[in-house]
Structure formats: C-alpha cells, structure tokens
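Participant: Please read through the structure below; I'll follow up with questions.
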Amino acid sequence: MIHRSRARHKRTAWLLPGLLLMAGAVKAQLGASKLTGPGVAINVDYLPASHYIRPEDSLKMPATTSQRRISLGAAFLLSSHVDTITGKVRTWSLGAFGTYTKFTNKDYEKQIFPDELLGTQISLLHNRTINSKWSLMAMVSAGVFTDMEKIDYEDVVINGGVIFIKRYNPRFSLGIGAVLTNSFGAPMVLPAFLVSWKTNGRFKVEVNIPEKISVSSTLSKYDDLALALRLSGAAFDVEKHPDNKRQLGYSEITIGLENTFHVTPKIDVNIAGGSVLANSVQFREKKLSSIFSDEPSHRLATNFYLSAGVRWNFR
C-alpha cells in the first residue's frame, strides 16, 4: 500500500506542470493577483524554511529550503469585434508574464533544489464565438524557463494550441482541444482541457480546473474574502541536475484565505496566507520516452505561505 501511494505521488507531481501547461498557459498565473482581463499585476510570495523529505523512504531530513518569489504579469486587448446581428464576438489579446523564485537551501549533502528559477512567457490569444453554445480559444506563446546558470535554446519553450469550449449554461463550461509544445524536448501534441463552473449568491463557488477551486464572499463593496485551493507548476531546463536529467518539474498545491481590497474601481490590493499542502520537484531526461516514467519526487514538508500583490485593471 505504501509503495502504491508513493507511485501515485510521483505521477501526480510530474503531471501537474504538464496539465497547467495544457490548460493554463493561456493566462498568466499570479496567485491571488491573477489577471482576469486587461491590466498589470505584481505579486510576491514567501514560503519559510521547510524540511526536505527524501524520496526513498519519505524520511524528513535536517536540510531545509525556503522560497521567495516575485511575479509580474500584463495583458492587453488588441482588438474586439461584436457582430450586431448574430452577437458573435472575436477578440485578440497579448499577454506577458515573468516569475522569479529564489531558493535558500541549507544543510544538504548534495544540491537538489536549484538556487533560483526564472520563467518568462509572451502569448497571443484569440477567442471567437462559433454559435450560441460553442466558442474557440487559440493560443501561441514563447518563453524561457531556466535556472539561470546558462541560457540557451534548451531553455526556450514554444506552445501553440486550440481549445473548443461548450457552454452548457451561464454557470458551466467544458473545453477540450490540443496543444503543441516542445516543453518536454522534441515537439509533441498533448491533450488540453478546461472546466469552469461557478455559482452566484452570498457565497460564490468557482471551479476552474486545473487552476483553482474557491469559495468567496463579498464583505462590502470594498472587500472580498475567498478560501482557495490553488495548483501551480512549470517545467524548467536546469544545468545542475543528477544523471543528465536536466528537465526539472516543479509542483505546488496551496490552500488559504485571500483578501482582495478594491482601493479604487481599477486598483485592487490582495493579501493571502495559508498552507502549502504539496511542494516538490522531479528530474528526468529531456526526451519523449521519459514523460510517464516514475522518477523520485523530492518533497518539502507541509508549511505555511504569505502572499501580497497589487492589480491594476484597465477596464
């Protein structure tokens, strides 16, 4: 039973960055300050020192790792057209984001977690209405995901994809499609999906898979409070790696309270804090045959996090 549980954790820890890439690449992920439309956002996160849990026996070691992260994002609406007769909508938008994470590693016998990680991406997004039930989302993006030891073509990630979205009712939508990416080495096509469901009322429930699940309430016209479970992750090309396994997959799952203060109609201030339920990295060879192979998952113990950000909405 223990061995099967470890195997499931290994697969989940590696697939999370892939799932977020497939469905979440079209929007910059900035935690509580994530952009939901045209605007600019900045967010800072702090994860205090957590003990390292080695993969072979899940033993908590004296070694510790803490993290400080800053994320920047911007989204711009390039064009928008509404057919007054059919009501069909076509939009083009441009997005850019960057996130820098500084790791402070202490008392390790050999380096496992990198000293720093940088992820940047610029994307072009197209949305169009097909009919009253169906719409299309298309995206192409290019970015650099690196440990900053050496930046070359191996660090460049290019994605392109299409998702067809069916709106079942005003609250529920389901999307499926495909993404072409070189994130795992050679270009390959991966399935893409998204699920969006939300309710209205005093307490609003929002399910946006694979990004988050949240329950929120408007305390006043100036203040919103939410309890959110968030998933984040990415794949990076690293120079410091074991056994030529230069592909690092980073996964993080958090749950916490997020307070959003509406300072003005266009400016929001976000403060959040809670628990880091899962925090791990995996290393594997950068080739297609290794995508679904079981690799050791280097984990950090459960801890808390603090986050703060500012969002400027253009409209």
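Following the order of the structure tokens, chains are lettered A, B, ..., residues in each are numbered from 1, and ligands are numbered from 1.
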Can you build me a table of segment 91-121 of chain A residues sitting at most 9 Å from segment 221-239 of chain A, with the closest atom pair per residue and its distance in Å to one decimal, using only C-alpha atoms, sorted by chain and residue number, as JSON lines?
Facilitator:
{"residue": "A:Pro114", "atom": "CA", "partner": "A:Val238", "partner_atom": "CA", "distance": 8.1}
{"residue": "A:Leu117", "atom": "CA", "partner": "A:Phe236", "partner_atom": "CA", "distance": 7.8}
{"residue": "A:Leu118", "atom": "CA", "partner": "A:Phe236", "partner_atom": "CA", "distance": 8.4}
{"residue": "A:Gly119", "atom": "CA", "partner": "A:Phe236", "partner_atom": "CA", "distance": 7.8}
Participant: Among segment 125-215 of chain A, which ones does DSSP place in strand (DSSP E or B), written as number ranges by chain?
Facilitator: A: 125-129, 134-146, 156-169, 172-181, 188-198, 203-209, 212-215
Participant: From the set A:Thr218, A:Thr86, A:Ser50, A:Thr104, which residue has the shortest atom-to-atom contact distance to Arg69 of chain A, counting only C-alpha atoms?
Facilitator: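 Looking at the shortest contact to Arg69 of chain A, the residue is A:Thr104.
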Participant: Tell me, in Å to one decimal, how far atom CA of Ile255 of chain A is from atom CA of Ala49 of chain A.
Facilitator: 17.8 Å
Participant: Of the candidates A:His241, A:Arg68, A:Arg171, A:Arg128, which one gets nearest to Thr99 of chain A if we count only C-alpha atoms?
Facilitator: A:Arg68
Participant: With only C-alpha atoms as the basis for distance, which of A:Pro187, A:Pro48, A:Gly73, A:Pro62 is at the shortest distance from Thr36 of chain A?
Facilitator: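 Of A:Pro187, A:Pro48, A:Gly73, A:Pro62, the one nearest Thr36 of chain A, counting only C-alpha atoms, is A:Gly73.
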Participant: I'd like the neighbourhood of segment 266-274 of chain A as a PyMOL selection string, where a residue qualifies if any of its atoms comes within 6 Å (using only C-alpha atoms), though same-chain residues fewer than 4 positions away should be ignored.
Facilitator: chain A and resi 255-262+304-313
Participant: Name the residues in contact with Asn200 of chain A at a cut-off of 12 Å, using only C-alpha atoms, excluding same-chain residues fewer than 3 positions from it; report them as a JSON list (two decimals) with N, CA and C atoms, in the first residue's frame.
Facilitator:
[["chain", "number", "residue", "atom", "x", "y", "z"],
["A", 170, "PRO", "N", -25.15, 29.36, -18.22],
["A", 170, "PRO", "CA", -24.33, 30.52, -17.82],
["A", 170, "PRO", "C", -23.30, 30.21, -16.74],
["A", 171, "ARG", "N", -23.43, 29.07, -16.05],
["A", 171, "ARG", "CA", -22.52, 28.75, -14.95],
["A", 171, "ARG", "C", -21.48, 27.70, -15.28],
["A", 197, "TRP", "N", -16.87, 26.24, -13.66],
["A", 197, "TRP", "CA", -18.19, 26.18, -13.06],
["A", 197, "TRP", "C", -18.23, 27.16, -11.91],
["A", 203, "PHE", "N", -22.46, 33.34, -1.09],
["A", 203, "PHE", "CA", -21.18, 32.63, -1.20],
["A", 203, "PHE", "C", -21.04, 32.12, -2.63],
["A", 204, "LYS", "N", -19.98, 32.53, -3.30],
["A", 204, "LYS", "CA", -19.75, 32.16, -4.69],
["A", 204, "LYS", "C", -18.74, 31.02, -4.75],
["A", 205, "VAL", "N", -19.10, 29.96, -5.42],
["A", 205, "VAL", "CA", -18.20, 28.82, -5.61],
["A", 205, "VAL", "C", -17.69, 28.85, -7.05],
["A", 206, "GLU", "N", -16.38, 28.75, -7.21],
["A", 206, "GLU", "CA", -15.78, 28.75, -8.55],
["A", 206, "GLU", "C", -14.82, 27.57, -8.68],
["A", 215, "VAL", "N", -14.11, 29.38, -2.78],
["A", 215, "VAL", "CA", -15.39, 29.83, -2.24],
["A", 215, "VAL", "C", -15.16, 31.24, -1.75],
["A", 216, "SER", "N", -15.95, 32.20, -2.26],
["A", 216, "SER", "CA", -15.72, 33.60, -1.92],
["A", 216, "SER", "C", -17.00, 34.28, -1.49],
["A", 217, "SER", "N", -16.86, 35.41, -0.82],
["A", 217, "SER", "CA", -17.99, 36.20, -0.38],
["A", 217, "SER", "C", -17.62, 37.67, -0.42],
["A", 218, "THR", "N", -18.55, 38.51, -0.81],
["A", 218, "THR", "CA", -18.33, 39.95, -0.82],
["A", 218, "THR", "C", -18.70, 40.50, 0.55]]
Participant: What does the distance from atom CA of Asn182 of chain A to atom CA of Leu77 of chain A come to in Å, to one decimal?
Facilitator: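 A separation of 27.0 Å between them.
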Participant: Write out as a VMD selection string which residues come within 10 Å of Asp107 of chain A when counting only C-alpha atoms, dropping same-chain ones fewer than 4 positions away.
Facilitator: chain A and resid 52 61 to 65 111
Participant: Check the smallest atom-to-atom distance from each of A:Lys212, A:Tyr108, A:Glu285, A:Ile42 to Arg54 of chain A using only C-alpha atoms, then report the winner.
Facilitator: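 Nearest candidate to Arg54 of chain A out of A:Lys212, A:Tyr108, A:Glu285, A:Ile42: A:Tyr108.
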Participant: Taking the DSSP secondary structure from the backbone, can you list the residues of segment 150-295 of chain A that are helix (DSSP H, G or I), as a count of residues only?
Facilitator: 9
